[in-house]
>>> print(open('coords22.csv').read())   # CSV, C-alpha atoms
chain,number,residue,atom,x,y,z
P,1,MET,CA,0.2,8.4,-18.5
P,2,SER,CA,-0.5,11.8,-19.9
P,3,GLN,CA,-2.0,13.3,-16.8
P,4,ARG,CA,0.1,14.4,-13.8
P,5,ILE,CA,-0.6,12.3,-10.7
P,6,ASN,CA,0.1,14.0,-7.3
P,7,PHE,CA,1.7,11.7,-4.7
P,8,ARG,CA,1.9,13.0,-1.2
P,9,GLN,CA,2.3,11.8,2.4
P,10,ALA,CA,-1.2,12.0,3.9
P,11,SER,CA,-2.4,12.5,7.5
P,12,TRP,CA,-5.0,10.1,8.9
P,13,PRO,CA,-6.8,12.8,10.7
P,14,ALA,CA,-6.8,15.3,7.8
P,15,ASP,CA,-7.2,12.8,4.9
P,16,ARG,CA,-9.2,10.0,6.6
P,17,LYS,CA,-12.2,10.6,4.3
P,18,ALA,CA,-10.2,10.3,1.0
P,19,LEU,CA,-8.1,7.3,2.3
P,20,SER,CA,-11.2,5.5,3.5
P,21,LEU,CA,-13.1,6.1,0.3
P,22,ILE,CA,-10.4,4.3,-1.8
P,23,ARG,CA,-10.0,1.4,0.7
P,24,ARG,CA,-13.8,1.0,1.0
P,25,GLU,CA,-14.2,0.9,-2.7
P,26,VAL,CA,-11.4,-1.5,-3.4
P,27,PHE,CA,-11.4,-3.8,-0.4
P,28,VAL,CA,-14.9,-3.7,1.1
P,29,GLU,CA,-16.9,-3.3,-2.1
P,30,GLU,CA,-14.8,-5.1,-4.8
P,31,GLN,CA,-13.1,-7.8,-2.7
P,32,GLN,CA,-15.9,-8.2,-0.1
P,33,VAL,CA,-13.5,-7.7,2.9
P,34,PRO,CA,-15.6,-7.1,6.0
P,35,GLU,CA,-15.4,-3.4,7.0
P,36,ASP,CA,-14.3,-4.2,10.5
P,37,LEU,CA,-11.3,-6.1,9.2
P,38,GLU,CA,-10.4,-3.4,6.7
P,39,PHE,CA,-10.5,-0.6,9.3
P,40,ASP,CA,-8.5,-2.4,12.0
P,41,GLY,CA,-7.8,0.6,14.4
P,42,LEU,CA,-4.1,0.8,13.3
P,43,ASP,CA,-4.5,3.8,10.9
P,44,ALA,CA,-3.9,6.5,13.4
P,45,GLY,CA,-0.4,5.2,14.2
P,46,ALA,CA,0.6,4.6,10.5
P,47,LEU,CA,2.2,6.7,7.8
P,48,HIS,CA,-0.1,7.1,4.8
P,49,TRP,CA,0.4,8.1,1.2
P,50,LEU,CA,-2.3,9.3,-1.2
P,51,ALA,CA,-2.3,9.5,-5.0
P,52,GLU,CA,-4.6,12.1,-6.5
P,53,GLU,CA,-5.5,12.8,-10.1
P,54,PRO,CA,-5.0,16.4,-11.4
P,55,GLY,CA,-8.5,17.5,-10.3
P,56,GLY,CA,-7.8,16.3,-6.7
P,57,GLU,CA,-9.8,13.1,-6.9
P,58,PRO,CA,-8.2,10.4,-4.6
P,59,ILE,CA,-7.2,7.4,-6.7
P,60,GLY,CA,-4.7,5.4,-4.6
P,61,THR,CA,-3.4,4.8,-1.1
P,62,LEU,CA,-0.9,2.8,1.0
P,63,ARG,CA,0.1,2.7,4.6
P,64,LEU,CA,3.3,1.8,6.5
P,65,LEU,CA,3.0,0.6,10.1
P,66,PRO,CA,5.6,1.2,12.8
P,67,SER,CA,6.3,-2.6,12.7
P,68,GLY,CA,7.6,-2.2,9.1
P,69,GLN,CA,4.5,-3.7,7.6
P,70,ILE,CA,3.4,-2.1,4.3
P,71,GLY,CA,-0.3,-2.6,3.7
P,72,ARG,CA,-3.7,-1.4,2.5
P,73,MET,CA,-2.3,-0.5,-0.9
P,74,ALA,CA,-5.3,0.2,-3.1
P,75,VAL,CA,-5.7,1.8,-6.5
P,76,ARG,CA,-9.1,2.5,-7.8
P,77,ARG,CA,-10.0,0.4,-10.9
P,78,PRO,CA,-9.9,3.0,-13.6
P,79,TRP,CA,-6.3,4.0,-12.6
P,80,ARG,CA,-4.8,0.5,-12.4
P,81,GLY,CA,-1.9,-0.4,-14.7
P,82,HIS,CA,-0.4,3.1,-14.7
P,83,GLY,CA,2.4,2.7,-12.2
P,84,ILE,CA,0.5,4.2,-9.3
P,85,GLY,CA,1.0,1.2,-7.0
P,86,SER,CA,4.7,1.1,-7.8
P,87,HIS,CA,5.1,4.8,-7.0
P,88,LEU,CA,3.2,4.4,-3.7
P,89,LEU,CA,5.4,1.5,-2.8
P,90,GLU,CA,8.5,3.6,-3.6
P,91,CYS,CA,7.2,6.3,-1.2
P,92,ALA,CA,6.9,3.8,1.6
P,93,LEU,CA,10.3,2.3,0.9
P,94,ASN,CA,11.9,5.8,1.0
P,95,ALA,CA,10.2,6.4,4.3
P,96,ALA,CA,11.7,3.2,5.7
P,97,ILE,CA,15.1,4.2,4.5
P,98,ARG,CA,14.7,7.6,6.2
P,99,HIS,CA,13.8,5.7,9.4
P,100,GLY,CA,16.9,3.6,9.1
P,101,TRP,CA,14.9,0.3,8.8
P,102,ARG,CA,16.7,-2.7,7.3
P,103,GLU,CA,13.6,-4.4,6.0
P,104,VAL,CA,9.9,-4.1,5.4
P,105,TRP,CA,7.3,-6.7,5.0
P,106,LEU,CA,3.8,-7.2,3.7
P,107,ASN,CA,1.0,-9.8,3.3
P,108,ALA,CA,0.5,-10.0,-0.4
P,109,GLN,CA,-2.6,-11.3,-2.0
P,110,ALA,CA,-1.7,-14.4,-3.9
P,111,THR,CA,-2.7,-12.8,-7.2
P,112,ARG,CA,-0.3,-9.9,-6.6
P,113,LEU,CA,2.9,-11.9,-5.8
P,114,GLY,CA,4.5,-11.0,-9.2
P,115,PHE,CA,4.0,-7.3,-8.6
P,116,TYR,CA,5.8,-7.4,-5.3
P,117,ALA,CA,8.5,-9.7,-6.6
P,118,ARG,CA,9.3,-7.1,-9.3
P,119,HIS,CA,9.9,-4.7,-6.4
P,120,ASP,CA,12.4,-7.1,-4.8
P,121,PHE,CA,10.1,-8.6,-2.2
P,122,PHE,CA,10.5,-12.3,-1.7
P,123,ILE,CA,8.1,-14.9,-0.2
P,124,ILE,CA,8.8,-16.0,3.5
P,125,SER,CA,5.6,-17.9,4.3
P,126,ASP,CA,3.2,-20.6,3.1
P,127,THR,CA,-0.2,-19.5,1.8
P,128,PHE,CA,-2.7,-18.3,4.4
P,129,GLU,CA,-6.1,-16.8,4.3
P,130,ASP,CA,-6.9,-13.2,5.4
P,131,ALA,CA,-10.5,-12.1,5.0
P,132,GLY,CA,-11.1,-15.2,2.8
P,133,ILE,CA,-8.3,-14.2,0.4
P,134,PRO,CA,-5.1,-16.3,-0.1
P,135,HIS,CA,-2.0,-14.4,0.9
P,136,ARG,CA,1.7,-15.0,1.3
P,137,ARG,CA,4.0,-12.9,3.6
P,138,MET,CA,6.8,-11.2,1.7
P,139,LEU,CA,10.0,-9.4,2.8
P,140,ARG,CA,12.1,-6.7,1.3
P,141,ARG,CA,15.6,-6.0,2.6
P,142,ILE,CA,16.7,-2.3,2.4
P,143,ARG,CA,20.0,-0.8,1.6
P,144,ASN,CA,20.4,2.9,2.3
P,145,SER,CA,21.9,3.4,-1.2
P,146,MET,CA,18.5,2.8,-2.6
P,147,ALA,CA,17.0,6.2,-1.6
P,148,ARG,CA,15.3,8.1,-4.3
P,149,ALA,CA,12.9,11.1,-4.2
P,150,GLY,CA,9.4,10.2,-3.2
>>> encode(input="coords22.csv", output="structure tokens")
Amino acid sequence: MSQRINFRQASWPADRKALSLIRREVFVEEQQVPEDLEFDGLDAGALHWLAEEPGGEPIGTLRLLPSGQIGRMAVRRPWRGHGIGSHLLECALNAAIRHGWREVWLNAQATRLGFYARHDFFIISDTFEDAGIPHRRMLRRIRNSMARAG
């Protein structure tokens, strides 16, 4: 990608508008997830990351809950396929390492299993539906030697 993407840890109070814009566009509008399911009241207690294009436009997000659950990863359509999701995931994994966690988990949409498998997540559940979309729970074990900048 020729343009420099900025990745940063975000604050729900300060960055709520940008984080919500991405999630509303990807989950509520594109995937038809009901807004009350998407915005579940857990954001204030989560760690968030935000990807922004060089002009400051928000283009991707992800959150990490205190339970170790990674979720709400969303990249706006024009920016998909450029490694943004992978970098956001790496940011969350590095935060988990800093917290001393031994594992993180997520509920992956069935169409995204390969993406997470490439990042060393493995399936630990049967298929289940969430907001009408098939998912599988996946787990990633963490070793402290994996830490990289992020």
>>> closest_residue(input="coords22.csv", among="P:His119, P:Arg98, P:Arg72, P:Arg140", to="P:Trp49", atoms="all atoms listed in the file")
P:Arg72
>>> residues_around(input="coords22.csv", residues="P:Leu19", least_positions_apart="2", cutoff="12 Å", atoms="all atoms listed in the file", output="VMD selection string")
chain P and resid 9 to 17 21 to 27 38 to 39 43 to 44 47 to 52 57 to 63 72 to 76
>>> residues_near_point(input="coords22.csv", point="(-10.5, -8.7, -2.2)", cutoff="9 Å", atoms="all atoms listed in the file", output="ChimeraX atom specification")
/P:26-33,109,131-133
>>> atom_distance(input="coords22.csv", atom1="atom CA of P:Met138", atom2="atom CA of P:Gly45")
21.8 Å
>>> residues_around(input="coords22.csv", residues="stretch 124-130 of chain P", least_positions_apart="6", cutoff="8 Å", atoms="only C-alpha atoms", output="JSON list (two decimals) with C-alpha atoms, keeping the file's coordinate frame")
[["chain", "number", "residue", "atom", "x", "y", "z"],
["P", 110, "ALA", "CA", -1.70, -14.40, -3.90],
["P", 136, "ARG", "CA", 1.70, -15.00, 1.30],
["P", 137, "ARG", "CA", 4.00, -12.90, 3.60],
["P", 138, "MET", "CA", 6.80, -11.20, 1.70],
["P", 139, "LEU", "CA", 10.00, -9.40, 2.80]]
>>> residues_around(input="coords22.csv", residues="P:Arg4", least_positions_apart="4", cutoff="12 Å", atoms="all atoms listed in the file", output="short mmCIF file (atom, residue, chain, number, x, y, z; two decimals) with C-alpha atoms, in the frame of the given file")
data_model
loop_
_atom_site.label_atom_id
_atom_site.label_comp_id
_atom_site.auth_asym_id
_atom_site.auth_seq_id
_atom_site.Cartn_x
_atom_site.Cartn_y
_atom_site.Cartn_z
CA ALA P 51 -2.30 9.50 -5.00
CA GLU P 52 -4.60 12.10 -6.50
CA GLU P 53 -5.50 12.80 -10.10
CA PRO P 54 -5.00 16.40 -11.40
CA GLY P 55 -8.50 17.50 -10.30
CA GLY P 56 -7.80 16.30 -6.70
CA HIS P 82 -0.40 3.10 -14.70
CA ILE P 84 0.50 4.20 -9.30
#
>>> residues_around(input="coords22.csv", residues="P:Gln69", least_positions_apart="6", cutoff="8 Å", atoms="all atoms listed in the file", output="list in words")
Val104, Trp105 and Leu106 of chain P
>>> residues_around(input="coords22.csv", residues="P:Asp120", least_positions_apart="5", cutoff="12 Å", atoms="all atoms listed in the file", output="list in words")
Ser86, Leu89, Glu90, Leu93, Glu103, Val104, Trp105, Leu113, Gly114, Phe115, Met138, Leu139, Arg140, Arg141, Ile142, Arg143 and Met146 of chain P
>>> write_last_selection(input="coords22.csv", atoms="C-alpha atoms", output="short mmCIF file (atom, residue, chain, number, x, y, z; two decimals), in the coordinates of the input")
data_model
loop_
_atom_site.label_atom_id
_atom_site.label_comp_id
_atom_site.auth_asym_id
_atom_site.auth_seq_id
_atom_site.Cartn_x
_atom_site.Cartn_y
_atom_site.Cartn_z
CA SER P 86 4.70 1.10 -7.80
CA LEU P 89 5.40 1.50 -2.80
CA GLU P 90 8.50 3.60 -3.60
CA LEU P 93 10.30 2.30 0.90
CA GLU P 103 13.60 -4.40 6.00
CA VAL P 104 9.90 -4.10 5.40
CA TRP P 105 7.30 -6.70 5.00
CA LEU P 113 2.90 -11.90 -5.80
CA GLY P 114 4.50 -11.00 -9.20
CA PHE P 115 4.00 -7.30 -8.60
CA MET P 138 6.80 -11.20 1.70
CA LEU P 139 10.00 -9.40 2.80
CA ARG P 140 12.10 -6.70 1.30
CA ARG P 141 15.60 -6.00 2.60
CA ILE P 142 16.70 -2.30 2.40
CA ARG P 143 20.00 -0.80 1.60
CA MET P 146 18.50 2.80 -2.60
#
>>> closest_residue(input="coords22.csv", among="P:Phe121, P:Arg80, P:Glu35, P:Ala96", to="P:Leu64", atoms="all atoms listed in the file")
P:Ala96
>>> decode(input="coords22.csv", residues="stretch 39-51 of chain P", atoms="N, CA, C and O atoms", output="compact mmCIF listing (two decimals), in the first residue's frame")
# COMPACT_ATOMS: atom_id res chain seq x y z
N PHE P 39 -24.07 -2.46 19.07
CA PHE P 39 -23.64 -1.58 20.17
C PHE P 39 -24.23 -2.14 21.46
O PHE P 39 -25.31 -1.79 21.88
N ASP P 40 -23.47 -3.05 22.05
CA ASP P 40 -23.93 -3.92 23.13
C ASP P 40 -23.66 -3.41 24.53
O ASP P 40 -23.86 -4.13 25.51
N GLY P 41 -23.16 -2.19 24.67
CA GLY P 41 -22.90 -1.63 25.99
C GLY P 41 -21.55 -2.02 26.57
O GLY P 41 -21.24 -1.65 27.70
N LEU P 42 -20.74 -2.78 25.84
CA LEU P 42 -19.45 -3.24 26.35
C LEU P 42 -18.27 -2.36 25.90
O LEU P 42 -17.14 -2.58 26.33
N ASP P 43 -18.53 -1.38 25.07
CA ASP P 43 -17.43 -0.58 24.51
C ASP P 43 -16.68 0.26 25.54
O ASP P 43 -15.46 0.42 25.43
N ALA P 44 -17.36 0.80 26.52
CA ALA P 44 -16.69 1.67 27.50
C ALA P 44 -15.62 0.92 28.29
O ALA P 44 -14.61 1.52 28.68
N GLY P 45 -15.78 -0.38 28.48
CA GLY P 45 -14.81 -1.16 29.23
C GLY P 45 -13.78 -1.87 28.38
O GLY P 45 -12.97 -2.64 28.90
N ALA P 46 -13.78 -1.63 27.07
CA ALA P 46 -12.89 -2.32 26.14
C ALA P 46 -11.72 -1.45 25.74
O ALA P 46 -11.76 -0.22 25.84
N LEU P 47 -10.67 -2.10 25.26
CA LEU P 47 -9.59 -1.40 24.58
C LEU P 47 -9.96 -1.36 23.10
O LEU P 47 -10.50 -2.34 22.57
N HIS P 48 -9.68 -0.26 22.46
CA HIS P 48 -10.03 -0.08 21.04
C HIS P 48 -8.81 0.36 20.25
O HIS P 48 -7.94 1.07 20.79
N TRP P 49 -8.79 -0.02 18.97
CA TRP P 49 -7.78 0.48 18.04
C TRP P 49 -8.48 1.05 16.83
O TRP P 49 -9.56 0.62 16.46
N LEU P 50 -7.81 2.03 16.23
CA LEU P 50 -8.37 2.74 15.09
C LEU P 50 -7.29 2.86 14.02
O LEU P 50 -6.15 3.21 14.31
N ALA P 51 -7.66 2.52 12.79
CA ALA P 51 -6.80 2.74 11.63
C ALA P 51 -7.36 3.95 10.89
O ALA P 51 -8.57 4.05 10.68
